[in-house]
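In what follows, a single structure is set out as structure tokens and then discussed.
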Amino acid sequence: MRYALLISYDGTNYGGWQIQKNAVTVQQKLTEALYDLLGCKCNLIASGRTDSGVHAKAQVCHFDAETSVPAEKIADALNVRLPQDISVLQSVKAPEGFDAQSSAKQKTYCYRIYLSERRHPLKDRNSVQIKYNIDLKKLELSAKFFEGEHDFKAYCASGSQVLTTVRKVYKTEVKINKSDVEIYVTGNGFLYNMVRTLAGTMIYFSAGRLNGEDIKNSLLNGDRNSVGKTMPAKGLTLESVDYGIDLFNSNFT
């Protein structure tokens with residue numbers, strides 16, 4: 001039987017989602033918890049990998065297993081076996097044909113910054129301090145450059161192996177609450193470091209370090225010199241994954 005999990009985690013202490021040899025990862029901790037619960041090794045498939053230090057408010061994954069534990073109780077059973085910075089928010093029986101990765105229609109990420117001359121320890125775990133002046137109106141304006149289908153080659157980390165660097169961004173939105181700024185990006189898929197570099201480009205544009213022609217050139221010609229820096233991982237959070245169905249509030253039989 002296939003089950004789906006809705007997971008939240010603070011990525012600070014992890015080398016990303018995917019199991020690897022030289023770092024502790026979120027997938028590793030969940031796999032260990034499932035083994036302890038079910039007595040068998042389960043292959044956990046997530047909607048996508050999050051990088052080292054990146055957080056998730058609502059990551060989705062699936063696994064196949066035979067168990068007498070009711071689907072809705074798996075979350076609690078796993079949480080007592082997980083560290084405090086990982087939590088299974090919901091567990092359900094998955095619908096026929098569901099795949100956490102290939103069934104995903106769109107994802108939303110948020111990049112968080114705060115504007116301050118001095119560091120705020122309570123904000124530093126999931127947002128990045130910006131000391132220099134930025135024009136918030138320009139930051140909001142820059143969001144529209146990225147909406148639509150573009151070749152995001154310039155926003156992809158060098159050495160990435162993908163079939164195409166073309167992605168569709170459905171919406172980019174800036175939310176401002178005094179000194180706290182959130183950059184939301186919703187798309188059909190994202191390249192390695194794409195959202196962090198996109199956020200850095202928007203910040204550079206709003207600070208006057210880049211202009212509109214630079215951004216247009218980065219999208220039309222893939223010019224890496226026309227984008228901002230790749231922002232630190234800790235400011236990035238996977239906010240949601242959309243499957244076109246109410247996955248965690250439906251009764252699939």
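We label chains A, B, ... in the order they appear in the structure tokens, count residues from 1 in each chain, and number ligands from 1 in the order shown.
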Leaving out Met231 of chain A and any residue of its chain fewer than 5 positions from it, which residues lie within 8 Å of it when counting only C-alpha atoms, given as a ChimeraX atom specification? /A:196-197,199-200
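Residues in contact range of Phe146 of chain A, defined as at most 9 Å between only C-alpha atoms, with sequence neighbours fewer than 3 positions away removed, read Ser142, Ala143, Glu149, His150, Lys168, Val169, Tyr170, Lys171, Thr172, Leu198, Ile215 and Leu219 of chain A.
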If you take only C-alpha atoms and a cut-off of 8 Å, which residues of segment 57-102 of chain A touch segment 26-46 of chain A, and what are their nearest atom pairs and distances in Å to one decimal, in chain and number order, as a Markdown table?
```
| residue | atom | partner | partner_atom | distance |
| --- | --- | --- | --- | --- |
| A:Gln59 | CA | A:Ala46 | CA | 7.3 |
| A:Val60 | CA | A:Ala46 | CA | 5.7 |
| A:Cys61 | CA | A:Ala46 | CA | 3.9 |
| A:His62 | CA | A:Ile45 | CA | 5.4 |
| A:Phe63 | CA | A:Leu44 | CA | 5.0 |
| A:Asp64 | CA | A:Cys42 | CA | 6.6 |
| A:Ala65 | CA | A:Cys42 | CA | 7.0 |
| A:Thr67 | CA | A:Leu38 | CA | 6.9 |
| A:Ala77 | CA | A:Leu37 | CA | 7.1 |
| A:Leu78 | CA | A:Ala33 | CA | 5.9 |
| A:Arg81 | CA | A:Ala33 | CA | 5.4 |
| A:Leu82 | CA | A:Ala33 | CA | 6.4 |
| A:Ile86 | CA | A:Val26 | CA | 7.5 |
| A:Asp99 | CA | A:Ile45 | CA | 7.9 |
| A:Ala100 | CA | A:Ala46 | CA | 5.6 |
| A:Gln101 | CA | A:Ala46 | CA | 5.9 |
```
Determine, counting only C-alpha atoms, which protein, DNA and RNA residues have an atom within 6 Å of an atom of segment 8-23 of chain A; residues of the same chain fewer than 5 positions away are not included. Present the result as a VMD selection string. chain A and resid 28 49 to 58 85 to 87
Would you please extract all alpha helix (DSSP H) residues from segment 66-213 of chain A, as assigned by DSSP on the backbone, and give them as a ChimeraX atom specification? /A:74-79,136-142,194-206,212-213
Which residue, A:Ile134, A:Ala233, A:Cys156, A:Leu163, has the smallest gap to Ile203 of chain A when you use only C-alpha atoms? A:Ile134
Identify, on the basis of only C-alpha atoms, every residue whose closest approach to Asp214 of chain A does not exceed 9 Å; exclude the query and any residue fewer than 6 positions from it along the same chain; express the result as a PyMOL selection string. chain A and resi 205+223+225-227
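The nearest approach to Asp242 of chain A among the residues A:Gly222, A:Gly187, A:Gly208, A:Pro95, with only C-alpha atoms taken into account, belongs to A:Gly187.
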Sel. of strand (DSSP E) residues, segment 21-219 of chain A, as a ChimeraX atom specification: /A:45-46,55-64,86-93,106-115,128-130,148-151,166-177,180-187
Nearby residues (only C-alpha atoms) at most 12 Å from Lys123 of chain A, same-chain spacing under 2 positions excluded, as a PDB file with C-alpha atoms, in the first residue's frame:
```pdb
ATOM      1  CA  ARG A 112      13.329  35.371   3.527  1.00  0.00           C
ATOM      2  CA  ILE A 113      15.522  38.355   4.324  1.00  0.00           C
ATOM      3  CA  TYR A 114      15.491  41.016   7.009  1.00  0.00           C
ATOM      4  CA  LEU A 115      16.815  44.561   6.691  1.00  0.00           C
ATOM      5  CA  SER A 116      19.006  45.545   9.614  1.00  0.00           C
ATOM      6  CA  ARG A 118      22.773  44.519  13.180  1.00  0.00           C
ATOM      7  CA  ARG A 119      22.164  40.788  13.313  1.00  0.00           C
ATOM      8  CA  HIS A 120      18.985  39.390  14.899  1.00  0.00           C
ATOM      9  CA  PRO A 121      19.701  35.929  16.378  1.00  0.00           C
ATOM     10  CA  ARG A 125      17.965  30.521  11.446  1.00  0.00           C
ATOM     11  CA  ASN A 126      15.635  30.885   8.451  1.00  0.00           C
ATOM     12  CA  SER A 127      16.314  34.335   7.010  1.00  0.00           C
ATOM     13  CA  VAL A 128      19.310  36.346   5.828  1.00  0.00           C
ATOM     14  CA  GLN A 129      20.392  39.758   7.065  1.00  0.00           C
ATOM     15  CA  ILE A 130      20.770  42.546   4.478  1.00  0.00           C
ATOM     16  CA  SER A 179      12.015  45.084   8.012  1.00  0.00           C
ATOM     17  CA  ASP A 180      11.032  41.515   7.146  1.00  0.00           C
ATOM     18  CA  VAL A 181      10.816  40.647   3.447  1.00  0.00           C
ATOM     19  CA  LYS A 234      19.247  29.187   5.255  1.00  0.00           C
ATOM     20  CA  GLY A 235      16.915  31.839   3.811  1.00  0.00           C
TER      21      GLY A 235
END
```
